[in-house]
>>> print(open('input36.cif').read())   # mmCIF, N, CA, C and O atoms
data_start
#
loop_
_atom_site.label_atom_id
_atom_site.label_comp_id
_atom_site.auth_asym_id
_atom_site.auth_seq_id
_atom_site.Cartn_x
_atom_site.Cartn_y
_atom_site.Cartn_z
N PHE A 1 4.65 -1.74 -4.50
CA PHE A 1 5.43 -2.13 -3.35
C PHE A 1 6.57 -3.06 -3.76
O PHE A 1 7.68 -2.94 -3.25
N VAL A 2 6.28 -4.01 -4.64
CA VAL A 2 7.31 -4.95 -5.08
C VAL A 2 8.38 -4.21 -5.88
O VAL A 2 9.57 -4.50 -5.76
N ALA A 3 7.98 -3.23 -6.68
CA ALA A 3 8.95 -2.45 -7.44
C ALA A 3 9.88 -1.69 -6.49
O ALA A 3 11.08 -1.58 -6.75
N LEU A 4 9.36 -1.21 -5.38
CA LEU A 4 10.19 -0.52 -4.40
C LEU A 4 11.19 -1.49 -3.76
O LEU A 4 12.35 -1.14 -3.54
N ILE A 5 10.75 -2.70 -3.49
CA ILE A 5 11.67 -3.72 -2.95
C ILE A 5 12.79 -3.99 -3.95
O ILE A 5 13.97 -4.03 -3.59
N PHE A 6 12.44 -4.17 -5.22
CA PHE A 6 13.46 -4.42 -6.23
C PHE A 6 14.37 -3.21 -6.40
O PHE A 6 15.57 -3.34 -6.59
N PHE A 7 13.81 -2.01 -6.34
CA PHE A 7 14.59 -0.80 -6.54
C PHE A 7 15.60 -0.60 -5.40
O PHE A 7 16.75 -0.25 -5.63
N LEU A 8 15.18 -0.84 -4.17
CA LEU A 8 16.04 -0.60 -3.02
C LEU A 8 16.99 -1.75 -2.72
O LEU A 8 17.98 -1.56 -2.01
N SER A 9 16.72 -2.94 -3.23
CA SER A 9 17.54 -4.09 -2.88
C SER A 9 18.85 -4.17 -3.67
O SER A 9 19.75 -4.89 -3.28
N VAL A 10 18.95 -3.44 -4.77
CA VAL A 10 20.16 -3.48 -5.58
C VAL A 10 21.11 -2.38 -5.10
O VAL A 10 20.74 -1.21 -5.03
N ARG A 11 22.31 -2.76 -4.77
CA ARG A 11 23.27 -1.82 -4.19
C ARG A 11 23.68 -0.73 -5.18
O ARG A 11 23.80 0.42 -4.82
N GLY A 12 23.89 -1.08 -6.43
CA GLY A 12 24.32 -0.11 -7.42
C GLY A 12 23.19 0.74 -7.97
O GLY A 12 23.43 1.72 -8.66
N GLY A 13 21.96 0.39 -7.68
CA GLY A 13 20.81 1.13 -8.19
C GLY A 13 20.35 0.61 -9.54
O GLY A 13 21.15 0.13 -10.34
N VAL A 14 19.09 0.68 -9.77
CA VAL A 14 18.50 0.26 -11.04
C VAL A 14 17.53 1.34 -11.51
O VAL A 14 17.11 2.19 -10.73
N HIS A 15 17.19 1.28 -12.77
CA HIS A 15 16.17 2.17 -13.31
C HIS A 15 14.80 1.74 -12.79
O HIS A 15 14.54 0.55 -12.59
N TRP A 16 13.93 2.72 -12.61
CA TRP A 16 12.57 2.40 -12.17
C TRP A 16 11.85 1.53 -13.20
O TRP A 16 11.04 0.68 -12.84
N ARG A 17 12.15 1.76 -14.46
CA ARG A 17 11.50 0.97 -15.51
C ARG A 17 11.83 -0.51 -15.36
O ARG A 17 10.97 -1.37 -15.51
N ALA A 18 13.08 -0.81 -15.05
CA ALA A 18 13.48 -2.20 -14.84
C ALA A 18 12.84 -2.76 -13.58
O ALA A 18 12.40 -3.93 -13.56
N ALA A 19 12.75 -1.94 -12.53
CA ALA A 19 12.14 -2.40 -11.29
C ALA A 19 10.66 -2.73 -11.50
O ALA A 19 10.17 -3.75 -11.00
N PHE A 20 9.96 -1.89 -12.25
CA PHE A 20 8.54 -2.16 -12.50
C PHE A 20 8.34 -3.37 -13.41
O PHE A 20 7.41 -4.15 -13.21
N SER A 21 9.22 -3.55 -14.39
CA SER A 21 9.06 -4.70 -15.27
C SER A 21 9.33 -6.01 -14.54
O SER A 21 8.72 -7.04 -14.85
N GLY A 22 10.22 -6.00 -13.56
CA GLY A 22 10.43 -7.20 -12.75
C GLY A 22 9.35 -7.39 -11.70
O GLY A 22 9.07 -8.50 -11.27
N ALA A 23 8.72 -6.29 -11.29
CA ALA A 23 7.70 -6.38 -10.23
C ALA A 23 6.37 -6.91 -10.75
O ALA A 23 5.60 -7.47 -9.96
N ILE A 24 6.09 -6.75 -12.02
CA ILE A 24 4.79 -7.17 -12.55
C ILE A 24 4.57 -8.68 -12.39
O ILE A 24 3.57 -9.10 -11.81
N PRO A 25 5.48 -9.55 -12.89
CA PRO A 25 5.22 -10.98 -12.68
C PRO A 25 5.29 -11.40 -11.22
O PRO A 25 4.56 -12.28 -10.79
N THR A 26 6.15 -10.73 -10.45
CA THR A 26 6.25 -11.05 -9.03
C THR A 26 4.95 -10.72 -8.30
O THR A 26 4.46 -11.51 -7.49
N ALA A 27 4.37 -9.57 -8.61
CA ALA A 27 3.11 -9.18 -7.97
C ALA A 27 1.99 -10.13 -8.37
O ALA A 27 1.13 -10.45 -7.54
N LEU A 28 1.98 -10.57 -9.62
CA LEU A 28 0.96 -11.52 -10.04
C LEU A 28 1.06 -12.83 -9.26
O LEU A 28 0.05 -13.37 -8.80
N VAL A 29 2.28 -13.33 -9.11
CA VAL A 29 2.46 -14.57 -8.36
C VAL A 29 2.12 -14.37 -6.88
O VAL A 29 1.53 -15.25 -6.25
N LEU A 30 2.47 -13.20 -6.33
CA LEU A 30 2.14 -12.92 -4.94
C LEU A 30 0.63 -12.88 -4.70
O LEU A 30 0.16 -13.15 -3.60
N GLN A 31 -0.12 -12.52 -5.71
CA GLN A 31 -1.57 -12.50 -5.58
C GLN A 31 -2.20 -13.87 -5.87
O GLN A 31 -3.16 -14.27 -5.22
N LEU A 32 -1.64 -14.59 -6.84
CA LEU A 32 -2.26 -15.84 -7.26
C LEU A 32 -1.91 -17.03 -6.38
O LEU A 32 -2.76 -17.92 -6.19
N ALA A 33 -0.70 -17.13 -5.86
CA ALA A 33 -0.29 -18.31 -5.09
C ALA A 33 -1.16 -18.50 -3.84
O ALA A 33 -1.70 -19.59 -3.63
N PRO A 34 -1.34 -17.48 -2.99
CA PRO A 34 -2.22 -17.70 -1.83
C PRO A 34 -3.67 -17.97 -2.23
O PRO A 34 -4.38 -18.73 -1.57
N LEU A 35 -4.09 -17.35 -3.32
CA LEU A 35 -5.45 -17.59 -3.80
C LEU A 35 -5.63 -19.05 -4.20
O LEU A 35 -6.63 -19.69 -3.83
N LEU A 36 -4.66 -19.60 -4.94
CA LEU A 36 -4.76 -20.99 -5.37
C LEU A 36 -4.68 -21.96 -4.18
O LEU A 36 -5.42 -22.95 -4.14
N VAL A 37 -3.81 -21.69 -3.23
CA VAL A 37 -3.73 -22.54 -2.04
C VAL A 37 -5.04 -22.47 -1.25
O VAL A 37 -5.56 -23.50 -0.80
N GLY A 38 -5.59 -21.28 -1.11
CA GLY A 38 -6.87 -21.14 -0.42
C GLY A 38 -8.01 -21.84 -1.14
O GLY A 38 -8.87 -22.46 -0.50
N MET A 39 -8.01 -21.75 -2.47
CA MET A 39 -9.05 -22.45 -3.24
C MET A 39 -8.92 -23.95 -3.07
O MET A 39 -9.92 -24.67 -2.98
N TYR A 40 -7.69 -24.45 -3.03
CA TYR A 40 -7.47 -25.88 -2.83
C TYR A 40 -8.03 -26.32 -1.47
O TYR A 40 -8.74 -27.31 -1.37
N PHE A 41 -7.69 -25.57 -0.41
CA PHE A 41 -8.17 -25.94 0.92
C PHE A 41 -9.69 -25.83 1.01
O PHE A 41 -10.33 -26.65 1.67
N LYS A 42 -10.26 -24.85 0.37
CA LYS A 42 -11.72 -24.70 0.41
C LYS A 42 -12.41 -25.85 -0.32
O LYS A 42 -13.47 -26.31 0.09
N ALA A 43 -11.80 -26.32 -1.40
CA ALA A 43 -12.43 -27.37 -2.19
C ALA A 43 -12.22 -28.76 -1.59
O ALA A 43 -13.13 -29.58 -1.60
N PHE A 44 -11.01 -29.04 -1.09
CA PHE A 44 -10.68 -30.42 -0.72
C PHE A 44 -10.58 -30.66 0.78
O PHE A 44 -10.68 -31.81 1.21
N ALA A 45 -10.36 -29.65 1.58
CA ALA A 45 -10.20 -29.88 3.02
C ALA A 45 -11.46 -30.42 3.69
O ALA A 45 -11.38 -31.33 4.51
N PRO A 46 -12.66 -29.90 3.37
CA PRO A 46 -13.85 -30.46 4.04
C PRO A 46 -14.16 -31.89 3.64
O PRO A 46 -14.77 -32.63 4.40
N LYS A 47 -13.72 -32.32 2.45
CA LYS A 47 -14.07 -33.65 1.95
C LYS A 47 -13.10 -34.73 2.41
O LYS A 47 -13.43 -35.89 2.39
N ALA A 48 -11.91 -34.36 2.78
CA ALA A 48 -10.88 -35.33 3.15
C ALA A 48 -10.61 -35.27 4.65
O ALA A 48 -10.99 -34.32 5.33
N ASN A 49 -9.97 -36.31 5.13
CA ASN A 49 -9.52 -36.27 6.52
C ASN A 49 -8.49 -35.17 6.66
O ASN A 49 -7.78 -34.84 5.73
N ALA A 50 -8.40 -34.63 7.84
CA ALA A 50 -7.45 -33.54 8.08
C ALA A 50 -6.04 -34.13 8.17
O ALA A 50 -5.52 -34.38 9.25
N ASN A 51 -5.44 -34.36 7.03
CA ASN A 51 -4.08 -34.88 6.98
C ASN A 51 -3.12 -33.71 7.05
O ASN A 51 -2.93 -32.98 6.09
N ILE A 52 -2.50 -33.52 8.20
CA ILE A 52 -1.68 -32.35 8.45
C ILE A 52 -0.45 -32.31 7.55
O ILE A 52 -0.02 -31.24 7.11
N PHE A 53 0.10 -33.47 7.22
CA PHE A 53 1.31 -33.49 6.41
C PHE A 53 1.03 -33.08 4.97
O PHE A 53 1.81 -32.35 4.36
N PHE A 54 -0.09 -33.52 4.43
CA PHE A 54 -0.44 -33.13 3.07
C PHE A 54 -0.80 -31.65 3.02
O PHE A 54 -0.44 -30.96 2.06
N SER A 55 -1.47 -31.16 4.03
CA SER A 55 -1.79 -29.73 4.08
C SER A 55 -0.52 -28.90 4.16
O SER A 55 -0.40 -27.85 3.52
N PHE A 56 0.44 -29.36 4.94
CA PHE A 56 1.71 -28.66 5.05
C PHE A 56 2.43 -28.64 3.71
O PHE A 56 3.06 -27.65 3.33
N ALA A 57 2.35 -29.73 2.96
CA ALA A 57 2.98 -29.80 1.64
C ALA A 57 2.35 -28.79 0.68
O ALA A 57 3.06 -28.17 -0.12
N VAL A 58 1.05 -28.62 0.76
CA VAL A 58 0.38 -27.65 -0.11
C VAL A 58 0.79 -26.23 0.26
O VAL A 58 1.03 -25.39 -0.61
N VAL A 59 0.93 -25.95 1.54
CA VAL A 59 1.38 -24.62 1.98
C VAL A 59 2.82 -24.38 1.51
O VAL A 59 3.16 -23.29 1.04
N LEU A 60 3.66 -25.39 1.61
CA LEU A 60 5.04 -25.26 1.13
C LEU A 60 5.08 -25.06 -0.38
O LEU A 60 5.95 -24.33 -0.88
N LEU A 61 4.18 -25.67 -1.10
CA LEU A 61 4.11 -25.45 -2.54
C LEU A 61 3.78 -23.99 -2.83
O LEU A 61 4.35 -23.39 -3.74
N GLY A 62 2.87 -23.41 -2.06
CA GLY A 62 2.56 -21.99 -2.23
C GLY A 62 3.77 -21.11 -1.95
O GLY A 62 4.03 -20.14 -2.67
N CYS A 63 4.53 -21.44 -0.90
CA CYS A 63 5.75 -20.68 -0.61
C CYS A 63 6.77 -20.83 -1.72
O CYS A 63 7.47 -19.87 -2.07
N TYR A 64 6.87 -22.02 -2.29
CA TYR A 64 7.78 -22.25 -3.40
C TYR A 64 7.38 -21.40 -4.61
O TYR A 64 8.23 -20.81 -5.26
N LEU A 65 6.09 -21.34 -4.90
CA LEU A 65 5.63 -20.53 -6.03
C LEU A 65 5.96 -19.05 -5.82
O LEU A 65 6.36 -18.36 -6.75
N ILE A 66 5.80 -18.56 -4.59
CA ILE A 66 6.12 -17.17 -4.31
C ILE A 66 7.62 -16.92 -4.47
O ILE A 66 8.03 -15.91 -5.05
N ALA A 67 8.45 -17.83 -3.97
CA ALA A 67 9.89 -17.67 -4.12
C ALA A 67 10.30 -17.69 -5.59
O ALA A 67 11.15 -16.90 -6.03
N MET A 68 9.70 -18.58 -6.37
CA MET A 68 9.99 -18.62 -7.81
C MET A 68 9.53 -17.34 -8.50
O MET A 68 10.17 -16.87 -9.44
N GLY A 69 8.42 -16.78 -8.04
CA GLY A 69 7.96 -15.51 -8.60
C GLY A 69 8.96 -14.40 -8.38
O GLY A 69 9.23 -13.59 -9.28
N PHE A 70 9.54 -14.36 -7.17
CA PHE A 70 10.58 -13.36 -6.90
C PHE A 70 11.81 -13.59 -7.76
O PHE A 70 12.41 -12.64 -8.26
N LEU A 71 12.21 -14.84 -7.94
CA LEU A 71 13.39 -15.12 -8.77
C LEU A 71 13.15 -14.77 -10.23
O LEU A 71 14.03 -14.22 -10.90
N ILE A 72 11.98 -15.08 -10.74
CA ILE A 72 11.66 -14.74 -12.13
C ILE A 72 11.61 -13.23 -12.30
O ILE A 72 12.14 -12.68 -13.27
N GLY A 73 11.01 -12.54 -11.35
CA GLY A 73 10.98 -11.07 -11.40
C GLY A 73 12.37 -10.47 -11.35
O GLY A 73 12.67 -9.51 -12.07
N ALA A 74 13.24 -11.03 -10.51
CA ALA A 74 14.61 -10.52 -10.43
C ALA A 74 15.37 -10.79 -11.73
O ALA A 74 16.17 -9.96 -12.16
N GLY A 75 15.10 -11.92 -12.36
CA GLY A 75 15.74 -12.20 -13.65
C GLY A 75 15.29 -11.23 -14.73
O GLY A 75 16.10 -10.76 -15.54
N ILE A 76 14.00 -10.94 -14.74
CA ILE A 76 13.49 -9.97 -15.72
C ILE A 76 14.07 -8.59 -15.44
O ILE A 76 14.46 -7.87 -16.36
N LEU A 77 14.15 -8.22 -14.17
CA LEU A 77 14.75 -6.94 -13.80
C LEU A 77 16.19 -6.86 -14.30
O LEU A 77 16.59 -5.85 -14.89
N ALA A 78 16.97 -7.90 -14.10
CA ALA A 78 18.37 -7.89 -14.54
C ALA A 78 18.48 -7.78 -16.06
O ALA A 78 19.33 -7.04 -16.57
N LYS A 79 17.62 -8.48 -16.77
CA LYS A 79 17.67 -8.43 -18.23
C LYS A 79 17.29 -7.04 -18.75
O LYS A 79 17.95 -6.49 -19.63
N VAL A 80 16.23 -6.47 -18.20
CA VAL A 80 15.80 -5.13 -18.64
C VAL A 80 16.85 -4.08 -18.25
O VAL A 80 17.15 -3.18 -19.03
N GLU A 81 17.42 -4.21 -17.05
CA GLU A 81 18.44 -3.25 -16.61
C GLU A 81 19.68 -3.32 -17.50
O GLU A 81 20.25 -2.30 -17.86
N LYS A 82 20.07 -4.52 -17.87
CA LYS A 82 21.21 -4.67 -18.77
C LYS A 82 20.94 -4.02 -20.12
O LYS A 82 21.80 -3.32 -20.67
N ARG A 83 19.74 -4.22 -20.64
CA ARG A 83 19.38 -3.61 -21.92
C ARG A 83 19.33 -2.09 -21.81
O ARG A 83 19.80 -1.38 -22.71
N LEU A 84 18.81 -1.56 -20.70
CA LEU A 84 18.74 -0.12 -20.53
C LEU A 84 20.14 0.49 -20.40
O LEU A 84 20.39 1.59 -20.93
N ARG A 85 21.04 -0.21 -19.73
CA ARG A 85 22.41 0.33 -19.59
C ARG A 85 23.17 0.26 -20.91
O ARG A 85 23.98 1.13 -21.19
N GLN A 86 22.90 -0.75 -21.72
CA GLN A 86 23.54 -0.83 -23.04
C GLN A 86 23.03 0.26 -23.96
O GLN A 86 23.78 0.84 -24.72
N ASP A 87 21.72 0.54 -23.89
CA ASP A 87 21.16 1.60 -24.72
C ASP A 87 21.67 2.97 -24.31
O ASP A 87 21.87 3.84 -25.15
N ALA A 88 21.87 3.17 -23.00
CA ALA A 88 22.33 4.48 -22.51
C ALA A 88 23.85 4.67 -22.71
O ALA A 88 24.32 5.78 -22.86
N GLY A 89 24.57 3.56 -22.67
CA GLY A 89 26.03 3.67 -22.70
C GLY A 89 26.58 3.52 -24.05
O GLY A 89 27.49 4.05 -24.56
#
>>> encode(input="input36.cif", output="structure tokens")
Amino acid sequence: FVALIFFLSVRGGVHWRAAFSGAIPTALVLQLAPLLVGMYFKAFAPKANANIFFSFAVVLLGCYLIAMGFLIGAGILAKVEKRLRQDAG
């Protein structure tokens, strides 16, 4: 699914190989970030007072990790696409 997002989001088009290589780290982060945030809440939320601001900060950290995953994936996609176009051209 992430490879399809990367493939369709580029106006000039990219190779599927580049889209998949950028999608792999993005998909890993998309799976791990909510898992880590959930594990944190499961471990520490029952033991501490329900501090809404700290909980919100942890959720924002998860969103930040997901956004960084997309940026890293897009960077890898661009690097692989550039290499594929140089090899073909």
>>> atom_distance(input="input36.cif", atom1="atom C of Ala74 of chain A", atom2="atom N of Leu60 of chain A")
23.0 Å
>>> closest_residue(input="input36.cif", among="A:Phe44, A:Arg17, A:Phe7, A:Phe70", to="Val29 of chain A", atoms="only N, CA, C and O atoms")
A:Phe70
>>> residues_around(input="input36.cif", residues="Phe6 of chain A", least_positions_apart="6", cutoff="8 Å", atoms="all atoms listed in the file", output="ChimeraX atom specification")
/A:13-15,18-20,22-23,73-74
>>> atom_distance(input="input36.cif", atom1="atom CA of Leu65 of chain A", atom2="atom CA of Ala33 of chain A")
6.4 Å
>>> select_by_dssp(input="input36.cif", residues="chain A", states="helix (DSSP H, G or I)", output="PyMOL selection string")
chain A and resi 2-9+16-44+52-88
>>> atom_distance(input="input36.cif", atom1="atom C of Ser21 of chain A", atom2="atom N of Ile76 of chain A")
6.8 Å
>>> closest_residue(input="input36.cif", among="A:Ile24, A:Ile5, A:Leu61, A:Ile52", to="Val37 of chain A", atoms="all atoms listed in the file")
A:Leu61
>>> closest_residue(input="input36.cif", among="A:Gln86, A:Phe41, A:Phe54, A:Ala27", to="Ala67 of chain A", atoms="only C-alpha atoms")
A:Ala27
>>> decode(input="input36.cif", residues="segment 61-72 of chain A", atoms="N, CA, C and O atoms", output="mmCIF file, in the first residue's frame")
data_model
loop_
_atom_site.group_PDB
_atom_site.id
_atom_site.type_symbol
_atom_site.label_atom_id
_atom_site.label_comp_id
_atom_site.auth_asym_id
_atom_site.auth_seq_id
_atom_site.Cartn_x
_atom_site.Cartn_y
_atom_site.Cartn_z
ATOM 1 N N LEU A 61 4.689 12.361 19.652
ATOM 2 C CA LEU A 61 5.960 11.719 19.324
ATOM 3 C C LEU A 61 5.734 10.581 18.336
ATOM 4 O O LEU A 61 6.512 10.409 17.390
ATOM 5 N N GLY A 62 4.678 9.815 18.518
ATOM 6 C CA GLY A 62 4.346 8.756 17.563
ATOM 7 C C GLY A 62 4.047 9.317 16.177
ATOM 8 O O GLY A 62 4.484 8.771 15.164
ATOM 9 N N CYS A 63 3.308 10.429 16.130
ATOM 10 C CA CYS A 63 3.025 11.071 14.838
ATOM 11 C C CYS A 63 4.301 11.587 14.195
ATOM 12 O O CYS A 63 4.472 11.503 12.972
ATOM 13 N N TYR A 64 5.204 12.114 15.003
ATOM 14 C CA TYR A 64 6.486 12.588 14.491
ATOM 15 C C TYR A 64 7.288 11.429 13.898
ATOM 16 O O TYR A 64 7.879 11.566 12.826
ATOM 17 N N LEU A 65 7.305 10.298 14.572
ATOM 18 C CA LEU A 65 8.036 9.140 14.060
ATOM 19 C C LEU A 65 7.455 8.671 12.725
ATOM 20 O O LEU A 65 8.198 8.312 11.809
ATOM 21 N N ILE A 66 6.137 8.686 12.595
ATOM 22 C CA ILE A 66 5.511 8.281 11.342
ATOM 23 C C ILE A 66 5.860 9.262 10.224
ATOM 24 O O ILE A 66 6.186 8.856 9.105
ATOM 25 N N ALA A 67 5.824 10.559 10.520
ATOM 26 C CA ALA A 67 6.182 11.554 9.509
ATOM 27 C C ALA A 67 7.638 11.403 9.084
ATOM 28 O O ALA A 67 7.967 11.501 7.893
ATOM 29 N N MET A 68 8.524 11.157 10.034
ATOM 30 C CA MET A 68 9.934 10.945 9.702
ATOM 31 C C MET A 68 10.117 9.673 8.880
ATOM 32 O O MET A 68 10.969 9.622 7.991
ATOM 33 N N GLY A 69 9.313 8.656 9.162
ATOM 34 C CA GLY A 69 9.373 7.440 8.358
ATOM 35 C C GLY A 69 9.018 7.697 6.906
ATOM 36 O O GLY A 69 9.666 7.182 5.990
ATOM 37 N N PHE A 70 7.977 8.520 6.688
ATOM 38 C CA PHE A 70 7.617 8.877 5.315
ATOM 39 C C PHE A 70 8.717 9.687 4.647
ATOM 40 O O PHE A 70 9.019 9.485 3.470
ATOM 41 N N LEU A 71 9.339 10.612 5.372
ATOM 42 C CA LEU A 71 10.411 11.410 4.780
ATOM 43 C C LEU A 71 11.635 10.564 4.449
ATOM 44 O O LEU A 71 12.253 10.737 3.394
ATOM 45 N N ILE A 72 11.987 9.651 5.324
ATOM 46 C CA ILE A 72 13.130 8.770 5.056
ATOM 47 C C ILE A 72 12.824 7.870 3.869
ATOM 48 O O ILE A 72 13.670 7.670 2.992
#
